[in-house]
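Student: Sharing input.cif below, mmCIF, C-alpha atoms:
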data_entry
loop_
_atom_site.label_atom_id
_atom_site.label_comp_id
_atom_site.auth_asym_id
_atom_site.auth_seq_id
_atom_site.Cartn_x
_atom_site.Cartn_y
_atom_site.Cartn_z
CA MET A 1 111.44 104.89 105.55
CA LYS A 2 112.92 103.25 102.50
CA GLU A 3 110.84 102.62 99.43
CA THR A 4 109.60 99.06 99.05
CA PRO A 5 111.35 97.55 95.99
CA LEU A 6 109.43 95.81 93.24
CA SER A 7 109.63 92.05 93.13
CA ASN A 8 111.09 90.28 90.12
CA CYS A 9 107.65 88.99 89.14
CA GLU A 10 106.16 92.51 89.14
CA ARG A 11 109.09 93.87 87.16
CA ARG A 12 108.84 91.15 84.51
CA PHE A 13 105.07 91.59 84.32
CA LEU A 14 105.35 95.37 83.75
CA LEU A 15 108.06 95.03 81.12
CA ARG A 16 106.13 92.26 79.33
CA ALA A 17 102.99 94.45 79.28
CA ILE A 18 104.97 97.42 77.89
CA GLU A 19 106.41 95.19 75.14
CA GLU A 20 102.84 94.25 74.18
CA LYS A 21 101.88 97.98 74.20
CA LYS A 22 99.60 97.59 77.21
CA ARG A 23 99.45 99.59 80.44
CA LEU A 24 98.01 98.64 83.82
CA ASP A 25 95.50 101.51 83.90
CA GLY A 26 94.19 100.77 80.40
CA ARG A 27 95.82 103.73 78.63
CA GLN A 28 97.49 103.64 75.27
CA THR A 29 101.17 104.44 74.77
CA TYR A 30 100.75 108.19 74.20
CA ASP A 31 97.73 108.82 76.46
CA TYR A 32 97.77 111.25 79.37
CA ARG A 33 95.90 110.60 82.58
CA ASN A 34 92.83 112.70 83.39
CA ILE A 35 93.70 116.22 84.55
CA LYS A 36 91.46 118.00 87.03
CA ILE A 37 91.97 121.61 88.15
CA SER A 38 90.17 123.12 91.15
CA PHE A 39 90.62 126.55 92.71
CA GLY A 40 90.44 127.74 96.30
CA THR A 41 88.59 130.72 97.69
CA ASP A 42 91.70 132.93 97.55
CA TYR A 43 93.42 134.01 94.37
CA GLY A 44 96.53 132.01 93.53
CA CYS A 45 95.50 128.76 95.26
CA CYS A 46 94.76 125.65 93.22
CA ILE A 47 94.96 121.85 93.27
CA VAL A 48 95.94 119.91 90.15
CA GLU A 49 95.17 116.19 89.93
CA LEU A 50 97.05 114.16 87.31
CA GLY A 51 95.45 110.78 87.79
CA LYS A 52 96.14 110.04 91.46
CA THR A 53 99.06 112.47 91.66
CA ARG A 54 97.90 115.62 93.46
CA VAL A 55 99.79 118.90 93.83
CA LEU A 56 98.70 121.98 95.77
CA GLY A 57 99.94 125.33 94.45
CA GLN A 58 99.92 128.58 96.44
CA VAL A 59 101.26 131.94 95.25
CA SER A 60 102.11 134.81 97.62
CA CYS A 61 103.74 138.23 97.12
CA GLU A 62 105.79 140.67 99.15
CA LEU A 63 107.47 144.05 98.64
CA VAL A 64 111.27 143.65 98.97
CA SER A 65 114.44 145.35 97.82
CA PRO A 66 115.63 144.28 94.34
CA LYS A 67 118.87 142.56 93.49
CA LEU A 68 121.83 144.84 92.84
CA ASN A 69 122.44 143.64 89.29
CA ARG A 70 118.68 143.70 88.41
CA ALA A 71 117.35 146.90 89.98
CA THR A 72 114.23 147.13 87.76
CA GLU A 73 113.12 143.48 87.85
CA GLY A 74 110.98 141.61 90.32
CA ILE A 75 111.96 138.31 91.97
CA LEU A 76 110.49 134.88 91.28
CA PHE A 77 110.98 132.09 93.81
CA PHE A 78 109.82 128.47 93.40
CA ASN A 79 109.73 125.86 96.16
CA LEU A 80 108.54 122.27 95.86
CA GLU A 81 108.05 120.16 98.99
CA LEU A 82 107.82 116.37 99.14
CA SER A 83 106.23 115.30 102.41
CA GLN A 84 105.61 111.86 103.88
CA MET A 85 101.90 112.44 103.37
CA ALA A 86 102.48 111.92 99.64
CA ALA A 87 104.66 108.80 100.00
CA PRO A 88 106.36 107.14 103.00
CA ALA A 89 109.69 107.07 101.13
CA PHE A 90 110.04 110.87 101.30
CA GLU A 91 112.06 111.94 104.34
CA PRO A 92 111.09 115.23 106.01
CA GLY A 93 113.68 117.85 106.89
CA ARG A 94 116.26 117.02 104.22
CA GLN A 95 116.52 117.70 100.51
CA SER A 96 116.87 114.51 98.51
CA ASP A 97 118.45 114.30 95.07
CA LEU A 98 115.00 114.01 93.51
CA LEU A 99 113.79 117.20 95.19
CA VAL A 100 116.86 119.20 94.10
CA LYS A 101 116.45 117.98 90.53
CA LEU A 102 112.75 118.87 90.43
CA ASN A 103 113.31 122.37 91.86
CA ARG A 104 116.02 123.13 89.32
CA LEU A 105 113.88 121.88 86.47
CA LEU A 106 110.95 124.06 87.59
CA GLU A 107 113.17 127.15 87.76
CA ARG A 108 114.52 126.53 84.24
CA CYS A 109 111.02 125.89 82.92
CA LEU A 110 109.25 128.91 84.47
CA ARG A 111 111.83 131.51 85.40
CA ASN A 112 114.53 131.11 82.74
CA SER A 113 111.92 130.87 79.97
CA LYS A 114 110.78 134.44 80.78
CA CYS A 115 107.15 133.41 80.87
CA ILE A 116 106.42 136.18 83.43
CA ASP A 117 107.27 139.82 82.80
CA THR A 118 109.50 140.54 85.80
CA GLU A 119 109.89 144.21 84.87
CA SER A 120 106.18 144.76 85.50
CA LEU A 121 106.83 143.71 89.13
CA CYS A 122 108.99 146.78 89.76
CA VAL A 123 107.41 149.48 92.00
CA VAL A 124 110.35 151.85 92.54
CA ALA A 125 113.54 151.15 90.60
CA GLY A 126 116.34 150.15 92.91
CA GLU A 127 114.15 150.39 96.04
CA LYS A 128 110.99 148.26 95.97
CA VAL A 129 109.93 145.38 93.77
CA TRP A 130 107.43 142.54 94.10
CA GLN A 131 108.76 139.15 95.15
CA ILE A 132 106.47 136.38 93.84
CA ARG A 133 106.79 133.11 95.75
CA VAL A 134 105.28 129.88 94.38
CA ASP A 135 104.95 127.07 96.95
CA LEU A 136 104.09 123.61 95.65
CA HIS A 137 103.13 120.78 98.01
CA LEU A 138 102.87 117.21 96.78
CA LEU A 139 99.76 115.73 98.39
CA ASN A 140 99.82 112.28 96.78
CA HIS A 141 102.50 110.59 94.70
CA ASP A 142 101.55 108.30 91.84
CA GLY A 143 104.28 109.15 89.35
CA ASN A 144 105.18 112.06 87.02
CA ILE A 145 105.63 114.71 89.70
CA ILE A 146 107.27 117.25 87.38
CA ASP A 147 104.34 117.45 84.96
CA ALA A 148 101.78 117.91 87.74
CA ALA A 149 104.01 120.48 89.51
CA SER A 150 104.57 122.54 86.35
CA ILE A 151 100.84 122.62 85.60
CA ALA A 152 100.03 123.60 89.21
CA ALA A 153 102.65 126.36 89.19
CA ILE A 154 101.53 127.98 85.94
CA VAL A 155 97.82 127.69 86.87
CA ALA A 156 98.44 129.29 90.27
CA LEU A 157 100.41 132.14 88.63
CA CYS A 158 97.63 132.76 86.09
CA HIS A 159 95.01 132.75 88.84
CA PHE A 160 96.97 135.00 91.22
CA ARG A 161 96.17 138.69 91.76
CA ARG A 162 98.60 141.04 93.50
CA PRO A 163 97.45 144.13 95.43
CA ASP A 164 97.45 147.44 93.58
CA VAL A 165 99.97 150.11 94.62
CA SER A 166 100.48 153.82 93.96
CA VAL A 167 103.63 155.92 94.33
CA GLN A 168 103.51 159.60 95.31
CA GLY A 169 107.01 160.95 95.74
CA ASP A 170 108.76 158.70 98.23
CA GLU A 171 105.49 157.36 99.65
CA ILE A 172 104.20 153.97 98.50
CA THR A 173 100.51 153.22 99.13
CA LEU A 174 99.29 149.62 99.19
CA TYR A 175 95.53 149.13 98.57
CA THR A 176 93.38 146.33 99.91
CA PRO A 177 91.13 144.28 97.59
CA GLU A 178 88.11 146.22 98.90
CA GLU A 179 89.64 149.58 97.94
CA ARG A 180 90.98 148.59 94.52
CA ASP A 181 90.71 145.47 92.43
CA PRO A 182 93.84 143.27 92.57
CA VAL A 183 96.08 143.25 89.52
CA PRO A 184 96.88 140.01 87.62
CA LEU A 185 100.42 139.13 86.65
CA SER A 186 101.72 139.80 83.15
CA ILE A 187 102.28 136.34 81.60
CA HIS A 188 103.66 135.96 78.09
CA HIS A 189 103.21 132.23 77.53
CA LEU A 190 102.44 129.01 79.43
CA PRO A 191 105.36 126.53 79.50
CA ILE A 192 104.28 123.00 80.43
CA CYS A 193 106.46 119.95 81.04
CA VAL A 194 105.77 116.65 79.27
CA SER A 195 107.61 113.50 80.46
CA PHE A 196 108.59 110.50 78.31
CA ALA A 197 109.77 107.22 79.84
CA PHE A 198 112.06 104.87 77.89
CA PHE A 199 112.33 101.11 78.39
CA GLN A 200 114.70 98.42 77.11
CA GLN A 201 117.44 100.98 76.28
CA GLY A 202 115.13 103.27 74.33
CA THR A 203 113.22 100.59 72.42
CA TYR A 204 109.83 101.38 73.98
CA LEU A 205 108.36 104.78 74.83
CA LEU A 206 105.56 105.84 77.20
CA VAL A 207 104.00 109.26 77.88
CA ASP A 208 103.09 110.29 81.43
CA PRO A 209 104.53 107.28 83.36
CA ASN A 210 102.91 106.36 86.66
CA GLU A 211 104.76 105.39 89.83
CA ARG A 212 105.25 101.70 88.99
CA GLU A 213 106.36 102.43 85.45
CA GLU A 214 108.93 104.91 86.76
CA ARG A 215 110.53 102.13 88.84
CA VAL A 216 111.26 99.92 85.85
CA MET A 217 112.14 102.60 83.28
CA ASP A 218 115.69 102.98 81.97
CA GLY A 219 115.59 106.72 81.22
CA LEU A 220 113.41 109.82 81.34
CA LEU A 221 113.13 112.73 78.89
CA VAL A 222 111.35 115.93 80.00
CA ILE A 223 110.44 118.57 77.41
CA ALA A 224 109.00 121.95 78.48
CA MET A 225 107.09 123.59 75.65
CA ASN A 226 104.38 126.22 75.11
CA LYS A 227 101.46 126.17 72.69
CA HIS A 228 103.54 127.99 70.06
CA ARG A 229 105.77 124.87 69.87
CA GLU A 230 108.69 126.72 71.42
CA ILE A 231 110.89 124.46 73.52
CA CYS A 232 111.64 126.19 76.84
CA THR A 233 113.87 123.49 78.33
CA ILE A 234 114.77 119.87 77.77
CA GLN A 235 116.37 117.39 80.15
CA SER A 236 117.37 113.75 79.80
CA SER A 237 118.18 111.54 82.79
CA GLY A 238 118.93 107.87 83.31
CA GLY A 239 122.12 107.50 81.27
CA ILE A 240 120.56 106.18 78.06
CA MET A 241 121.64 107.25 74.58
CA LEU A 242 118.82 108.78 72.52
CA LEU A 243 118.87 109.22 68.78
CA LYS A 244 117.99 112.48 67.03
CA ASP A 245 114.86 110.92 65.53
CA GLN A 246 113.63 109.86 68.97
CA VAL A 247 114.01 113.40 70.36
CA LEU A 248 112.21 114.92 67.35
CA ARG A 249 109.43 112.38 67.70
CA CYS A 250 109.00 113.22 71.39
CA SER A 251 108.94 116.96 70.63
CA LYS A 252 106.09 116.48 68.14
CA ILE A 253 104.10 114.47 70.69
CA ALA A 254 104.81 117.11 73.37
CA GLY A 255 103.48 119.85 71.07
CA VAL A 256 100.13 118.08 70.77
CA LYS A 257 99.85 117.38 74.50
CA VAL A 258 100.82 120.95 75.50
CA LEU A 259 98.14 122.39 73.22
CA GLU A 260 95.46 120.20 74.84
CA ILE A 261 96.60 121.03 78.38
CA THR A 262 96.74 124.79 77.62
CA GLU A 263 93.15 124.75 76.39
CA LEU A 264 92.10 122.91 79.55
CA ILE A 265 93.86 125.49 81.76
CA GLN A 266 92.28 128.45 79.96
CA LYS A 267 88.85 126.88 80.16
CA ALA A 268 89.21 126.23 83.92
CA LEU A 269 90.33 129.84 84.53
CA GLU A 270 87.41 131.23 82.52
CA ASN A 271 84.88 129.11 84.42
CA ASP A 272 86.27 130.21 87.80
CA GLN A 273 86.25 133.88 86.80
CA LYS A 274 82.68 133.56 85.53
CA VAL A 275 81.49 131.99 88.79
CA ARG A 276 83.18 134.70 90.88
CA LYS A 277 81.60 137.49 88.82
CA GLU A 278 78.12 135.97 89.05
CA GLY A 279 78.49 135.57 92.81
CA GLY A 280 78.13 131.81 92.76
CA LYS A 281 79.74 129.28 95.06
CA PHE A 282 83.42 128.57 94.50
CA GLY A 283 86.34 126.95 96.31
CA PHE A 284 87.59 123.45 97.03
CA ALA A 285 84.42 122.44 98.86
CA GLU A 286 82.28 123.08 95.78
CA SER A 287 84.57 121.01 93.56
CA ILE A 288 83.85 117.80 95.54
CA ALA A 289 81.35 115.56 93.79
CA SER A 290 78.13 115.11 95.77
CA GLN A 291 78.11 111.35 95.11
CA ARG A 292 81.24 110.73 97.15
CA ILE A 293 81.41 109.81 100.81
CA THR A 294 83.40 112.97 101.51
CA ALA A 295 80.55 115.19 100.31
CA PHE A 296 79.10 117.68 102.76
CA LYS A 297 75.55 117.12 101.58
CA MET A 298 73.59 114.53 99.63
CA GLU A 299 70.46 115.19 97.60
CA LYS A 300 67.38 113.42 98.95
CA ALA A 301 65.76 110.92 96.59
CA PRO A 302 61.91 110.96 96.64
CA ILE A 303 60.44 107.60 97.71
CA ASP A 304 56.74 106.69 97.36
CA THR A 305 55.55 104.65 100.37
CA SER A 306 51.79 104.82 99.76
CA ASP A 307 51.23 101.25 98.50
CA VAL A 308 53.87 99.46 100.56
CA GLU A 309 51.35 97.33 102.52
CA GLU A 310 49.55 96.18 99.38
CA LYS A 311 52.80 95.14 97.73
CA ALA A 312 53.86 93.28 100.87
CA GLU A 313 50.58 91.33 100.97
CA GLU A 314 50.95 90.39 97.30
CA ILE A 315 54.48 89.12 97.89
CA ILE A 316 53.35 87.05 100.88
CA ALA A 317 50.41 85.60 98.93
CA GLU A 318 52.60 84.60 95.99
CA ALA A 319 55.25 83.04 98.21
CA GLU A 320 55.25 79.25 98.66
CA PRO A 321 53.94 78.03 102.03
CA PRO A 322 56.46 76.37 104.35
CA SER A 323 56.66 72.57 104.38
CA GLU A 324 54.83 70.77 107.22
CA VAL A 325 57.31 67.88 107.38
CA VAL A 326 59.08 67.77 110.74
CA SER A 327 62.12 65.53 111.17
CA ASN A 328 61.86 62.83 113.84
CA PRO A 329 64.21 63.06 116.82
CA VAL A 330 67.02 60.50 117.03
CA LEU A 331 67.60 58.94 120.46
CA TRP A 332 71.27 58.16 120.96
CA THR A 333 71.28 57.44 124.69
CA PRO A 334 68.52 57.31 127.28
CA GLY A 335 67.52 60.77 128.40
CA THR A 336 68.92 62.58 125.34
CA ALA A 337 67.60 63.43 121.87
CA GLN A 338 68.89 64.93 118.65
CA ILE A 339 67.11 66.28 115.58
CA GLY A 340 68.80 65.83 112.26
CA GLU A 341 72.28 64.50 111.57
CA GLY A 342 75.23 65.39 113.73
CA LEU A 343 77.99 64.01 115.89
CA GLU A 344 77.41 61.23 118.38
CA ASN A 345 76.34 62.40 121.84
CA SER A 346 78.92 61.89 124.57
CA TRP A 347 76.83 62.76 127.63
CA GLY A 348 76.72 59.16 128.87
CA ASP A 349 80.52 58.83 128.70
CA LEU A 350 80.91 62.01 130.71
CA GLU A 351 78.64 60.66 133.47
CA ASP A 352 80.62 57.39 133.72
CA SER A 353 83.93 59.25 133.93
CA ALA A 354 82.53 61.53 136.65
CA LYS A 355 81.48 58.53 138.74
CA GLU A 356 84.90 56.93 138.39
CA GLU A 357 86.58 60.15 139.51
CA GLU A 358 84.36 60.29 142.60
CA ASP A 359 85.29 56.70 143.50
CA GLU A 360 88.98 57.46 143.11
CA ASP A 361 88.65 60.54 145.36
CA GLY A 362 86.95 58.42 148.04
CA THR A 363 89.75 55.89 148.11
CA ASP A 364 92.64 58.32 147.70
CA GLY A 365 91.52 60.39 150.69
CA ALA A 366 92.21 57.33 152.78
CA VAL A 367 92.75 57.82 156.34
CA ILE A 368 95.66 56.21 158.00
CA LEU A 369 98.78 54.68 156.59
CA GLY A 370 100.69 51.84 158.32
CA SER A 371 104.42 51.68 158.74
CA THR A 372 105.10 49.86 155.51
CA LYS A 373 107.07 50.82 152.45
CA MET A 374 105.42 50.94 149.04
CA ASP A 375 107.17 50.10 145.81
CA ALA A 376 107.47 53.82 145.05
CA GLY A 377 109.56 54.30 148.22
CA VAL A 378 106.91 56.07 150.35
CA GLU A 379 106.92 55.25 154.07
CA VAL A 380 103.48 54.36 155.47
CA SER A 381 102.78 54.83 159.22
CA ASN A 382 100.12 53.69 161.64
CA ILE A 383 97.65 55.82 163.53
CA GLY A 384 97.03 55.26 167.18
CA SER A 385 93.91 55.10 169.27
CA GLN A 386 90.79 53.77 167.60
CA ASP A 387 91.70 53.76 163.89
CA ALA A 388 92.55 50.72 161.80
CA PRO A 389 95.63 49.99 159.74
CA ILE A 390 95.47 49.83 155.96
CA VAL A 391 97.30 47.32 153.85
CA LEU A 392 97.93 48.73 150.39
CA SER A 393 98.66 46.58 147.37
CA ASP A 394 100.23 48.38 144.45
CA SER A 395 99.77 45.80 141.78
CA GLU A 396 98.99 46.58 138.13
CA GLU A 397 95.90 44.37 138.03
CA GLU A 398 93.98 45.44 141.13
CA GLU A 399 94.13 47.58 144.23
CA MET A 400 92.98 46.03 147.52
CA ILE A 401 92.40 47.81 150.81
CA ILE A 402 91.92 45.79 154.08
CA LEU A 403 90.84 47.53 157.25
CA GLU A 404 91.50 45.70 160.59
CA PRO A 405 91.33 46.89 164.23
CA ASP A 406 94.62 47.59 165.95
CA LYS A 407 95.04 46.20 169.44
CA ASN A 408 98.22 48.08 170.31
CA PRO A 409 97.77 51.73 169.31
CA LYS A 410 100.92 53.78 168.88
CA LYS A 411 101.67 57.43 168.38
CA ILE A 412 102.80 57.87 164.79
CA ARG A 413 103.14 60.56 162.10
CA THR A 414 100.39 61.11 159.55
CA GLN A 415 100.40 62.60 156.09
CA THR A 416 97.77 65.30 155.26
CA ILE A 417 94.85 63.96 157.26
CA SER A 418 91.71 66.05 157.60
CA ALA A 419 90.19 67.01 160.97
CA LYS A 420 87.11 64.88 160.41
CA GLN A 421 89.23 61.76 159.79
CA GLU A 422 91.20 62.29 163.05
CA LYS A 423 88.05 62.61 165.18
CA ALA A 424 86.12 59.82 163.45
CA PRO A 425 85.34 56.79 165.72
CA SER A 426 86.46 53.29 164.88
CA LYS A 427 84.27 51.33 162.53
CA LYS A 428 83.79 47.67 161.79
CA PRO A 429 86.20 46.08 159.41
CA VAL A 430 85.14 46.85 155.85
CA LYS A 431 86.53 45.30 152.74
CA LYS A 432 86.51 47.42 149.59
CA ARG A 433 87.82 46.32 146.27
CA LYS A 434 88.26 48.37 143.18
CA LYS A 435 89.57 47.35 139.89
CA LYS A 436 92.16 49.51 138.41
CA LYS A 437 91.89 50.56 134.78
CA ALA A 438 94.25 48.83 132.45
CA ALA A 439 97.04 51.05 131.24
CA ASN A 440 96.65 52.32 127.70
#
Would you put the structure from the file into structure tokens?

Tutor:
Amino acid sequence: MKETPLSNCERRFLLRAIEEKKRLDGRQTYDYRNIKISFGTDYGCCIVELGKTRVLGQVSCELVSPKLNRATEGILFFNLELSQMAAPAFEPGRQSDLLVKLNRLLERCLRNSKCIDTESLCVVAGEKVWQIRVDLHLLNHDGNIIDAASIAAIVALCHFRRPDVSVQGDEITLYTPEERDPVPLSIHHLPICVSFAFFQQGTYLLVDPNEREERVMDGLLVIAMNKHREICTIQSSGGIMLLKDQVLRCSKIAGVKVLEITELIQKALENDQKVRKEGGKFGFAESIASQRITAFKMEKAPIDTSDVEEKAEEIIAEAEPPSEVVSNPVLWTPGTAQIGEGLENSWGDLEDSAKEEEDEDGTDGAVILGSTKMDAGVEVSNIGSQDAPIVLSDSEEEEMIILEPDKNPKKIRTQTISAKQEKAPSKKPVKKRKKKKAAN
């Protein structure tokens, strides 16, 4: 499914707001969205929320053979997945250009920066090493995927614990968490990506762009830095030309933001470790606020119902009594009534129309037609035996029917005559006249 493009009005509105140094979510130019970190029950599982952008990080390990050119180093593998659950524009089963770019940027930020000591992952040189796999799943997309993914990856790596092993000769023993405490990874520093969006060919700058701001931006600059102000990687995309002063300005801003995010990560890890040691409740379920609809339980609020009846009587006594004025009914036609104002009653008109329809049915079911031709070209025949001929007049003013006895009965054809009319005896001549309604 293709992404729905922004309309010209939305695009102009966003660019006009950025020129006035305003953002749709109320942030300032250099403000980050709120970051929330929650951990799962297992080590190495976390969810990072950057505003409405959510990324799930999961770290796993496995004993494998090392690479031939790096016999004493472990293996790091990063994989980011963009599913349709995050945004309908992401197509499953194929790697888009955005996904390839994000995976390469993550590898340069985390693996090429040597933030993890890969030599500590070696078990037996040239035979067995640990392969650390970091899987990142984008749960919801609201812009700035790379920043949320880098935070989720480094948090999951810091929270992960690998099983302890021992080597005796050629035998490698792997211990369960119950037998020996898992071992954390050796991490030197925490590289974190900070994204800068440029508008109007580099005239305006925003930190942490959301999804709508990314659609109208002209270029993007991503700086990966640690708290020691060491730049791990830098990437510019979009085809805009940046000046040296702009890059230096962005690096200074990134240094401040990385320091704040690093303190937040360390605080979240310390709180989770403290809860696990004290034996308290932990996991994703405990991180859900109890005031939300998705909460598993809600605290009961005490309600005092002892004096409810007294309060109700006081309210009734203080209330104004209802008015005794009753509106008089309005008689529109005999036999009907209406209270208040409304539309005119049409019952009488319906009765008159029903009577007219009955009269028409009585005359149209006429019995026998004589052998005459009407103006419409219908042949009229006579009925034999004891019935009387009918003389029809098809004038616009009136319709006259004359019934007279027939002395010479003849056998003729009839048109849709009922059984009762065929067996009915002859009657005295009757004259019936009906006025036909004038044409509208």

Student: Would you translate the PyMOL selection byres ((chain A and resi 39) around 9) into the concrete set of residues it matches in this file, as a count of residues only?

Tutor: 20

Student: Atom CA of Gly74 of chain A and atom CA of Val129 of chain A are how many Å apart?

Tutor: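 Atom-to-atom, atom CA of Gly74 of chain A to atom CA of Val129 of chain A, that is 5.2 Å.
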
Student: Could you check which of A:Arg70, A:Leu110, A:His137, A:Leu221 is closest to Gln84 of chain A, using all atoms listed in the file?

Tutor: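 Closest candidate: A:His137.
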
Student: A:Ala152, A:Leu76, A:Val207, A:Ile240: which is nearest Arg27 of chain A, counting all atoms listed in the file?

Tutor: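 Using all atoms listed in the file, the shortest distance to Arg27 of chain A belongs to A:Val207.
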
Student: May I ask which of the residues A:Thr262, A:Thr53, A:Gln201, A:Thr118 is the closest one to Ile145 of chain A, counting all atoms listed in the file?

Tutor: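 Checking each of A:Thr262, A:Thr53, A:Gln201, A:Thr118 against Ile145 of chain A, counting all atoms listed in the file, the winner is A:Thr53.
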
Student: Show me the residues close to (116.4, 99.4, 72.1) - anything with an atom within 12 Å, counting only C-alpha atoms - and format the list as a list of chain:residue names.

Tutor: A:Glu19, A:Phe198, A:Phe199, A:Gln200, A:Gln201, A:Gly202, A:Thr203, A:Tyr204, A:Leu205, A:Asp218, A:Gly219, A:Ile240, A:Met241, A:Leu242, A:Leu243, A:Gln246

Student: So how far away is atom CA of Pro66 of chain A from atom CA of Trp130 of chain A, in Å?

Tutor: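 It comes out at 8.4 Å.
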